[in-house]
Amino acid sequence: MGEPGKRFATHGVRCFSKMKMFLLALTMACLAQALSRNYMISMLTQIERRFNIPTSIAGLINGSFDIGSLLLIIFVSYFGTKLHRPIMIGAGCVLMGLGCFLMSLPHFLMGRYEYEKMISPSSNLFSNSFLCSGNRSATLTTIPEPEDCEKEIKSLMWIYVLVGNLIRGIGETPIMPLGISYIEDFAKPENSPLYIGILEAGNMVGPFTGLLLASFCANIYVDTGSVNTDDLTITPTDTRWVGAWWVGFLICAGVNVLTSIPFFFLPKTLPKEGLEDTEDVTNSNKEEKHQGKAKKEKHGITKDFLPFMKSLFCNPIYMILVLVTVLQISSYAIIFVFTPKYLEQQFGKSTAEIIFLMGIYNLPAVCIGYLISGLVMKKFKFTVKKAAYVAFCVSLTGWLLFFLNFLWTCDNFPVAGLTTSYEHERTHQPLYVENKILANCNTRCNCLTKMWDPVCGDNGIAYMSACLAGCEKSVGTGINMVFQNCSCIQSSGNSSAVLGLCNKGPDCTIKLQYFFITAVISSFIYSLAAIPGYMVLLRCIKSEEKSLGVGLHAFFIKVFVGIPVPIYFGALTDRTCLHWGTRKCGKAGACRMYDINKFRNIFLGLPAVLRGSSFLPAICILILLRKFQLPEETDTSETEFAEMKLTEKESECMDVHRSPEFENNRELKTRL
């Protein structure tokens with residue numbers, strides 16, 4: 001092989017390896033950000049319990065991530081393309097690591113977690129002072145004032161988590177907009193869907209890892225190593241249980257910092273895939289080209305911003321697509337963020353088990369769907385119109401399938417005074433008023449009516465505490481404690497009770513399996529529609545506006561979905577609470593039990609309405625695609641027209657060479 005051929009081959013291999021290296025590094029960064037994001041979402045219930053805050057505040061903590069991202073998303077998306085994109089992505093990964101570390105700090109600054117309990121057991125001794133007794137009138141008057149809650153320094157420690165999540169949001173801002181624009185600029189158009197599909201697959205491996213890590217940490221007690229777990233009177237299925245939420249954040253911090261390293265060694269630009277040979281020009285021409293481009297960027301780094309913004313806002317397909325995305329992702333955000341809490345209340349499972357099942361069932365289906373969707377679009381070279389029709393039909397199918405979830409339901413936990421009367425008649429209305437909490441069988445006991453330390457009687461009914469069950473004595477220690485001589489428990493046995501709520505039974509376990517089977521199919525259908533829909537977004541805007549368009553799209557999602565959805569849905573969820581936990585100072589803490597019927601209607605009904613309302617503007621997009629010619633199609637048609645003209649000229653030249661006049665002239669010249 002000659003010297004030019006060797007140079008071309010070396011150049012092609014170098015460009016190929018750098019593009020693939022960037023894709024690998026970006027996939028790992030997406031995996032790391034998805035790991036920390038999904039771990040945070042999965043631990044939201046644990047954080048809510050640890051800091052004794054309502055769900056609306058937990059939603060604010062979750063939304064702080066998007067608040068941080070919102071501060072920079074548009075400017076990073078536009079000005080980032082003018083700067084060194086890989087270095088900006090690497091710096092973002094470092095910031096995410098810093099945010100995760102800050103989120104774990106409250107564990108080391110706060111004392112041990114102390115949950116509500118009527119009993120303070122020691123290893124071998126037990127006090128019956130909080131069982132049914134008629135000599136405890138003074139106890140009821142010793143509850144501290146609620147104002148004392150504000151004096152506790154640990155009551156505001158959740159702000160560390162909020163600020164850390166905000167910093168993590170700032171760090172995540174440049175990754176996807178700049179990464180996708182980098183791929184779009186230097187990858188072949190037919191390879192772009194496959195590359196984005198690989199990125200989305202990485203985005204699914206990250207959540208899978210995050211959910212497994214969350215499941216592992218949620219099963220470990222928060223103060224493990226510093227307390228004797230044998231003395232605990234709660235298990236992971238208890239709504240007072242808090243897992244080792246801080247461990248996962250330390251792991252996420254290390255992973256995010258490690259994934260930042262490759263980006264600091266990648267170049268600012270790459271030759272376009274497939275055009276390596278034509279890019280191999282002389283050094284002087286390259287120098288002139290880069291100098292001219294640098295001057296142009298210095299003059300145009302700001303002057304094009306407002307025109308590009310105006311062009312995007314005047315693009316009807318783009319703006320309607322943003323509306324569709326906001327409605328669709330609002331639905332998915334509710335489902336994803338609040339599914340652990342819903343399934344825990346609906347089916348009576350622990351947070352760790354629910355998170356594990358979510359990872360095992362849902363995420364592999366989504367990952368496979370992303371890859372299949374990207375490969376199909378690459379193989380059949382979908383046009384924008386065809387991709388839009390596929391996304392619409394597949395999304396509609398998934399929405400109709402979603403209504404099956406209304407079939408997989410269980411009743412509330414049977415708790416005397418809340419969801420059932422002491423005569424064991426199940427009610428559909430909350431009974432939480434003090435005269436319903438108390439009954440003839442426990443009025444003599446002088447019980448605390450707001451304390452939540454439930455016990456399950458051998459009659460299958462749970463009571464808010466052993467005192468409210470009328471229990472007079474107990475045997476055993478820790479989670480093996482058994483209460484006896486319970487006057488409110490009417491059964492054929494010895495009227496005893498054990499710690500915790502009663503199990504919901506095998507029927508609920510079967511319905512939980514049906515729920516996850518439906519979720520697997522729905523997740524696969526969602527992933528099939530995601531890539532075609534995203535390609536419509538990328539193809540409906542001009543190439544020079546692509547990075548800003550992706551950033552503006554993310555901006556709208558964060559403003560109208562990421563920030564408000566967890567807060568307002570958390571507030572709606574709080575309205576379904578039947579019993580609030582109580583802090584030491586007597587002020588309400590985290591919710592211990594929800595009215596599952598109301599919770600179900602909100603959790604399933606609101607997403608169904610949001611997704612259903614998105615199909616009307618989606619139909620408008622299909623109509624507009626028939627009337628308007630998109631920028632990508634214009635560029636393609638112009639290229640095809642130029643190629644056609646070139647082919648015609650080549651044909652004319654061939655015809656001239658083959659004409660009789662040309663043959664006669666050539667013959668005459670030969671004779672002369």
# chains A, B, ... in the order shown; residues from 1 in each chain; ligands from 1
call {"tool": "residues_around", "arguments": {"residues": "Asn62 (chain A)", "least_positions_apart": "2", "cutoff": "12 Å", "atoms": "only C-alpha atoms", "output": "short mmCIF file (atom, residue, chain, number, x, y, z; two decimals) with N, CA and C atoms, in the first residue's frame"}}
result
data_model
loop_
_atom_site.label_atom_id
_atom_site.label_comp_id
_atom_site.auth_asym_id
_atom_site.auth_seq_id
_atom_site.Cartn_x
_atom_site.Cartn_y
_atom_site.Cartn_z
N ARG A 37 -29.84 8.90 39.40
CA ARG A 37 -31.20 9.44 39.33
C ARG A 37 -32.22 8.42 39.82
N ASN A 38 -32.10 7.19 39.37
CA ASN A 38 -33.08 6.17 39.76
C ASN A 38 -32.88 5.70 41.19
N TYR A 39 -31.66 5.74 41.65
CA TYR A 39 -31.44 5.42 43.06
C TYR A 39 -32.12 6.47 43.93
N MET A 40 -31.98 7.74 43.53
CA MET A 40 -32.61 8.81 44.29
C MET A 40 -34.13 8.64 44.33
N ILE A 41 -34.73 8.36 43.17
CA ILE A 41 -36.18 8.20 43.11
C ILE A 41 -36.63 7.00 43.95
N SER A 42 -35.87 5.92 43.89
CA SER A 42 -36.23 4.71 44.63
C SER A 42 -36.12 4.91 46.14
N MET A 43 -35.20 5.78 46.56
CA MET A 43 -34.98 6.03 47.98
C MET A 43 -35.86 7.16 48.52
N LEU A 44 -36.73 7.70 47.68
CA LEU A 44 -37.54 8.86 48.08
C LEU A 44 -38.40 8.54 49.31
N THR A 45 -39.00 7.36 49.33
CA THR A 45 -39.82 6.96 50.48
C THR A 45 -38.98 6.82 51.73
N ILE A 47 -36.17 8.46 52.38
CA ILE A 47 -35.81 9.82 52.79
C ILE A 47 -36.98 10.49 53.48
N GLU A 48 -38.17 10.28 52.94
CA GLU A 48 -39.39 10.84 53.55
C GLU A 48 -39.56 10.36 54.99
N THR A 55 -45.16 13.83 51.83
CA THR A 55 -44.80 13.47 50.46
C THR A 55 -44.58 14.69 49.58
N SER A 56 -45.29 15.79 49.84
CA SER A 56 -45.10 17.00 49.04
C SER A 56 -43.69 17.55 49.20
N ILE A 57 -43.12 17.51 50.40
CA ILE A 57 -41.74 17.96 50.60
C ILE A 57 -40.77 16.99 49.92
N ALA A 58 -41.07 15.69 50.02
CA ALA A 58 -40.25 14.71 49.31
C ALA A 58 -40.30 14.96 47.81
N GLY A 59 -41.47 15.37 47.30
CA GLY A 59 -41.59 15.72 45.89
C GLY A 59 -40.77 16.94 45.54
N LEU A 60 -40.70 17.92 46.45
CA LEU A 60 -39.87 19.10 46.24
C LEU A 60 -38.39 18.72 46.16
N SER A 64 -35.98 19.28 42.92
CA SER A 64 -34.82 20.16 42.97
C SER A 64 -33.78 19.78 41.93
N PHE A 65 -33.76 18.52 41.54
CA PHE A 65 -32.86 18.09 40.46
C PHE A 65 -33.14 18.86 39.18
N ASP A 66 -34.40 18.97 38.82
CA ASP A 66 -34.77 19.69 37.61
C ASP A 66 -34.63 21.20 37.77
N ILE A 67 -34.77 21.69 39.00
CA ILE A 67 -34.52 23.12 39.23
C ILE A 67 -33.07 23.45 38.92
N GLY A 68 -32.15 22.60 39.37
CA GLY A 68 -30.74 22.81 39.07
C GLY A 68 -30.44 22.73 37.59
N MET A 103 -25.48 14.74 49.33
CA MET A 103 -26.76 14.16 49.73
C MET A 103 -26.61 13.13 50.84
N TRP A 158 -32.94 17.75 55.77
CA TRP A 158 -33.33 17.37 54.41
C TRP A 158 -32.90 18.42 53.39
N ILE A 159 -32.57 19.63 53.84
CA ILE A 159 -32.11 20.68 52.92
C ILE A 159 -30.79 20.28 52.28
N VAL A 161 -29.99 17.29 51.37
CA VAL A 161 -30.37 16.40 50.26
C VAL A 161 -30.91 17.22 49.09
N LEU A 162 -31.72 18.24 49.40
CA LEU A 162 -32.28 19.09 48.34
C LEU A 162 -31.18 19.82 47.58
N VAL A 163 -30.21 20.42 48.31
CA VAL A 163 -29.13 21.15 47.65
C VAL A 163 -28.23 20.20 46.86
N GLY A 164 -27.93 19.03 47.43
CA GLY A 164 -27.13 18.06 46.70
C GLY A 164 -27.80 17.60 45.43
N ASN A 165 -29.12 17.39 45.48
CA ASN A 165 -29.85 16.99 44.28
C ASN A 165 -29.87 18.12 43.26
N LEU A 166 -29.94 19.38 43.73
CA LEU A 166 -29.89 20.52 42.83
C LEU A 166 -28.54 20.59 42.11
N ARG A 168 -26.57 18.08 41.57
CA ARG A 168 -26.56 16.94 40.65
C ARG A 168 -27.30 17.26 39.37
N GLY A 169 -28.39 18.04 39.49
CA GLY A 169 -29.12 18.46 38.30
C GLY A 169 -28.31 19.38 37.42
N ALA A 333 -43.76 10.19 34.62
CA ALA A 333 -43.09 10.64 35.84
C ALA A 333 -43.88 10.24 37.08
N ILE A 334 -45.20 10.40 37.01
CA ILE A 334 -46.04 10.00 38.15
C ILE A 334 -45.90 8.50 38.41
N VAL A 337 -42.07 7.63 39.66
CA VAL A 337 -41.64 8.16 40.96
C VAL A 337 -42.45 7.55 42.10
N PHE A 338 -43.76 7.35 41.90
CA PHE A 338 -44.62 6.95 43.01
C PHE A 338 -45.03 5.48 42.98
N LYS A 558 -38.51 20.02 32.08
CA LYS A 558 -38.15 20.28 33.47
C LYS A 558 -39.08 21.31 34.10
N VAL A 561 -42.76 19.45 33.94
CA VAL A 561 -42.88 18.05 34.40
C VAL A 561 -41.99 17.82 35.63
N GLY A 562 -40.69 17.95 35.45
CA GLY A 562 -39.74 17.57 36.48
C GLY A 562 -39.94 18.28 37.81
N ILE A 563 -40.25 19.59 37.75
CA ILE A 563 -40.40 20.35 38.99
C ILE A 563 -41.81 20.24 39.57
N PRO A 564 -42.87 20.54 38.81
CA PRO A 564 -44.19 20.58 39.44
C PRO A 564 -44.83 19.22 39.70
N VAL A 565 -44.59 18.23 38.84
CA VAL A 565 -45.31 16.96 38.95
C VAL A 565 -45.08 16.27 40.29
N PRO A 566 -43.82 16.07 40.75
CA PRO A 566 -43.66 15.41 42.06
C PRO A 566 -44.26 16.21 43.20
N ILE A 567 -44.27 17.55 43.08
CA ILE A 567 -44.79 18.37 44.17
C ILE A 567 -46.31 18.29 44.23
N TYR A 568 -46.99 18.54 43.09
CA TYR A 568 -48.45 18.55 43.15
C TYR A 568 -49.01 17.14 43.31
N PHE A 569 -48.34 16.13 42.74
CA PHE A 569 -48.85 14.78 42.96
C PHE A 569 -48.56 14.33 44.39
N GLY A 570 -47.44 14.77 44.96
CA GLY A 570 -47.17 14.48 46.36
C GLY A 570 -48.21 15.10 47.27
#
call {"tool": "residues_around", "arguments": {"residues": "Asp223 (chain A)", "least_positions_apart": "6", "cutoff": "12 Å", "atoms": "only C-alpha atoms", "output": "VMD selection string"}}
result
chain A and resid 50 107 to 108 110 to 115 217 229 232 241 to 247
call {"tool": "residues_around", "arguments": {"residues": "region 87-101 of chain A", "least_positions_apart": "2", "cutoff": "8 Å", "atoms": "only C-alpha atoms", "output": "number ranges by chain"}}
result
A: 29, 33, 36, 80, 84-85, 103-105, 163-175, 178-179, 249-250, 252-257, 259-264, 266
call {"tool": "write_last_selection", "arguments": {"atoms": "N, CA, C and O atoms", "output": "compact mmCIF listing (two decimals), in the first residue's frame"}}
result
# COMPACT_ATOMS: atom_id res chain seq x y z
N ALA A 29 -21.48 7.56 30.91
CA ALA A 29 -21.97 8.74 31.63
C ALA A 29 -23.48 8.68 31.80
O ALA A 29 -24.02 9.02 32.87
N GLN A 33 -25.44 8.62 35.34
CA GLN A 33 -26.48 9.58 35.71
C GLN A 33 -27.81 8.87 35.97
O GLN A 33 -28.56 9.23 36.88
N SER A 36 -27.63 7.17 39.48
CA SER A 36 -27.87 8.07 40.62
C SER A 36 -29.30 8.61 40.61
O SER A 36 -29.92 8.75 41.67
N GLY A 80 -22.84 25.59 24.54
CA GLY A 80 -21.98 24.42 24.68
C GLY A 80 -21.45 23.91 23.36
O GLY A 80 -20.34 23.40 23.29
N HIS A 84 -15.89 23.33 24.07
CA HIS A 84 -15.39 21.96 24.01
C HIS A 84 -16.42 21.04 24.67
O HIS A 84 -16.46 20.90 25.90
N ARG A 85 -17.24 20.40 23.87
CA ARG A 85 -18.35 19.61 24.39
C ARG A 85 -17.91 18.44 25.28
O ARG A 85 -18.49 18.24 26.35
N MET A 103 -25.48 14.74 49.33
CA MET A 103 -26.76 14.16 49.73
C MET A 103 -26.61 13.13 50.84
O MET A 103 -27.54 12.87 51.60
N SER A 104 -25.43 12.51 50.93
CA SER A 104 -25.23 11.49 51.97
C SER A 104 -24.79 12.09 53.31
O SER A 104 -24.80 11.39 54.32
N LEU A 105 -24.43 13.38 53.33
CA LEU A 105 -23.88 13.99 54.54
C LEU A 105 -24.83 13.97 55.75
O LEU A 105 -24.36 13.79 56.88
N VAL A 163 -30.21 20.42 48.31
CA VAL A 163 -29.13 21.15 47.65
C VAL A 163 -28.23 20.20 46.86
O VAL A 163 -27.81 20.51 45.73
N GLY A 164 -27.93 19.03 47.43
CA GLY A 164 -27.13 18.06 46.70
C GLY A 164 -27.80 17.60 45.43
O GLY A 164 -27.16 17.45 44.38
N ASN A 165 -29.12 17.39 45.48
CA ASN A 165 -29.85 16.99 44.28
C ASN A 165 -29.87 18.12 43.26
O ASN A 165 -29.84 17.88 42.05
N LEU A 166 -29.94 19.38 43.73
CA LEU A 166 -29.89 20.52 42.83
C LEU A 166 -28.54 20.59 42.11
O LEU A 166 -28.48 20.82 40.89
N ILE A 167 -27.44 20.38 42.84
CA ILE A 167 -26.11 20.36 42.22
C ILE A 167 -26.00 19.21 41.23
O ILE A 167 -25.41 19.35 40.15
N ARG A 168 -26.57 18.08 41.57
CA ARG A 168 -26.56 16.94 40.65
C ARG A 168 -27.30 17.26 39.37
O ARG A 168 -26.89 16.85 38.27
N GLY A 169 -28.39 18.04 39.49
CA GLY A 169 -29.12 18.46 38.30
C GLY A 169 -28.31 19.38 37.42
O GLY A 169 -28.35 19.29 36.18
N ILE A 170 -27.54 20.30 38.05
CA ILE A 170 -26.67 21.18 37.27
C ILE A 170 -25.62 20.36 36.51
O ILE A 170 -25.32 20.61 35.35
N GLY A 171 -25.06 19.35 37.19
CA GLY A 171 -24.04 18.53 36.56
C GLY A 171 -24.57 17.68 35.41
O GLY A 171 -23.84 17.43 34.44
N GLU A 172 -25.82 17.25 35.50
CA GLU A 172 -26.37 16.40 34.44
C GLU A 172 -26.76 17.19 33.20
O GLU A 172 -26.96 16.62 32.13
N THR A 173 -26.86 18.51 33.32
CA THR A 173 -27.38 19.35 32.24
C THR A 173 -26.67 19.14 30.90
O THR A 173 -27.34 18.99 29.88
N PRO A 174 -25.33 19.15 30.83
CA PRO A 174 -24.70 19.09 29.50
C PRO A 174 -24.65 17.71 28.87
O PRO A 174 -24.34 17.61 27.68
N ILE A 175 -24.96 16.66 29.60
CA ILE A 175 -24.64 15.32 29.10
C ILE A 175 -25.44 14.95 27.86
O ILE A 175 -24.87 14.68 26.79
N LEU A 178 -25.54 17.99 24.73
CA LEU A 178 -24.26 18.10 24.03
C LEU A 178 -23.82 16.76 23.46
O LEU A 178 -23.21 16.71 22.39
N GLY A 179 -24.13 15.68 24.16
CA GLY A 179 -23.75 14.37 23.65
C GLY A 179 -24.50 14.01 22.38
O GLY A 179 -23.90 13.54 21.41
N PHE A 249 -25.70 6.61 47.85
CA PHE A 249 -25.26 7.91 47.36
C PHE A 249 -23.74 8.01 47.33
O PHE A 249 -23.17 8.65 46.44
N LEU A 250 -23.07 7.40 48.28
CA LEU A 250 -21.61 7.38 48.26
C LEU A 250 -21.09 6.58 47.06
O LEU A 250 -20.11 6.97 46.41
N CYS A 252 -22.74 6.12 44.21
CA CYS A 252 -23.04 6.92 43.02
C CYS A 252 -22.04 8.05 42.82
O CYS A 252 -21.67 8.39 41.70
N ALA A 253 -21.59 8.65 43.93
CA ALA A 253 -20.60 9.73 43.84
C ALA A 253 -19.31 9.22 43.20
O ALA A 253 -18.75 9.87 42.30
N GLY A 254 -18.83 8.07 43.64
CA GLY A 254 -17.61 7.51 43.06
C GLY A 254 -17.75 7.14 41.60
O GLY A 254 -16.86 7.41 40.78
N VAL A 255 -18.88 6.54 41.22
CA VAL A 255 -19.11 6.13 39.83
C VAL A 255 -19.15 7.35 38.91
O VAL A 255 -18.56 7.34 37.81
N ASN A 256 -19.83 8.42 39.31
CA ASN A 256 -19.93 9.60 38.47
C ASN A 256 -18.58 10.26 38.24
O ASN A 256 -18.29 10.72 37.13
N VAL A 257 -17.75 10.31 39.27
CA VAL A 257 -16.42 10.91 39.10
C VAL A 257 -15.56 10.06 38.16
O VAL A 257 -14.84 10.59 37.30
N THR A 259 -16.53 8.13 35.66
CA THR A 259 -16.97 8.22 34.27
C THR A 259 -16.59 9.55 33.62
O THR A 259 -16.65 9.67 32.39
N SER A 260 -16.17 10.53 34.41
CA SER A 260 -15.80 11.83 33.84
C SER A 260 -14.43 11.80 33.17
O SER A 260 -14.13 12.64 32.31
N ILE A 261 -13.57 10.86 33.55
CA ILE A 261 -12.16 10.89 33.13
C ILE A 261 -11.98 10.84 31.61
O ILE A 261 -11.23 11.65 31.05
N PRO A 262 -12.62 9.92 30.85
CA PRO A 262 -12.35 9.85 29.41
C PRO A 262 -12.67 11.13 28.64
O PRO A 262 -12.02 11.42 27.62
N PHE A 263 -13.64 11.91 29.08
CA PHE A 263 -14.06 13.08 28.32
C PHE A 263 -12.98 14.16 28.26
O PHE A 263 -12.96 14.97 27.33
N PHE A 264 -12.08 14.17 29.22
CA PHE A 264 -11.02 15.18 29.22
C PHE A 264 -9.92 14.87 28.21
O PHE A 264 -9.01 15.68 28.03
N LEU A 266 -10.81 13.61 24.95
CA LEU A 266 -11.44 13.55 23.64
C LEU A 266 -11.36 14.89 22.93
O LEU A 266 -11.36 15.94 23.59
call {"tool": "closest_residue", "arguments": {"among": "A:Ala530, A:Leu616, A:Ala391, A:Cys410", "to": "Lys504 (chain A)", "atoms": "only C-alpha atoms"}}
result
A:Cys410
call {"tool": "select_by_dssp", "arguments": {"residues": "region 338-492 of chain A", "states": "strand (DSSP E or B)", "output": "list of chain:residue names"}}
result
A:Val415, A:Ala416, A:Thr420, A:Arg426, A:Val455, A:Cys456, A:Gly457, A:Ala462, A:Tyr463, A:Lys473, A:Ser474, A:Val475, A:Val482, A:Phe483, A:Gln484
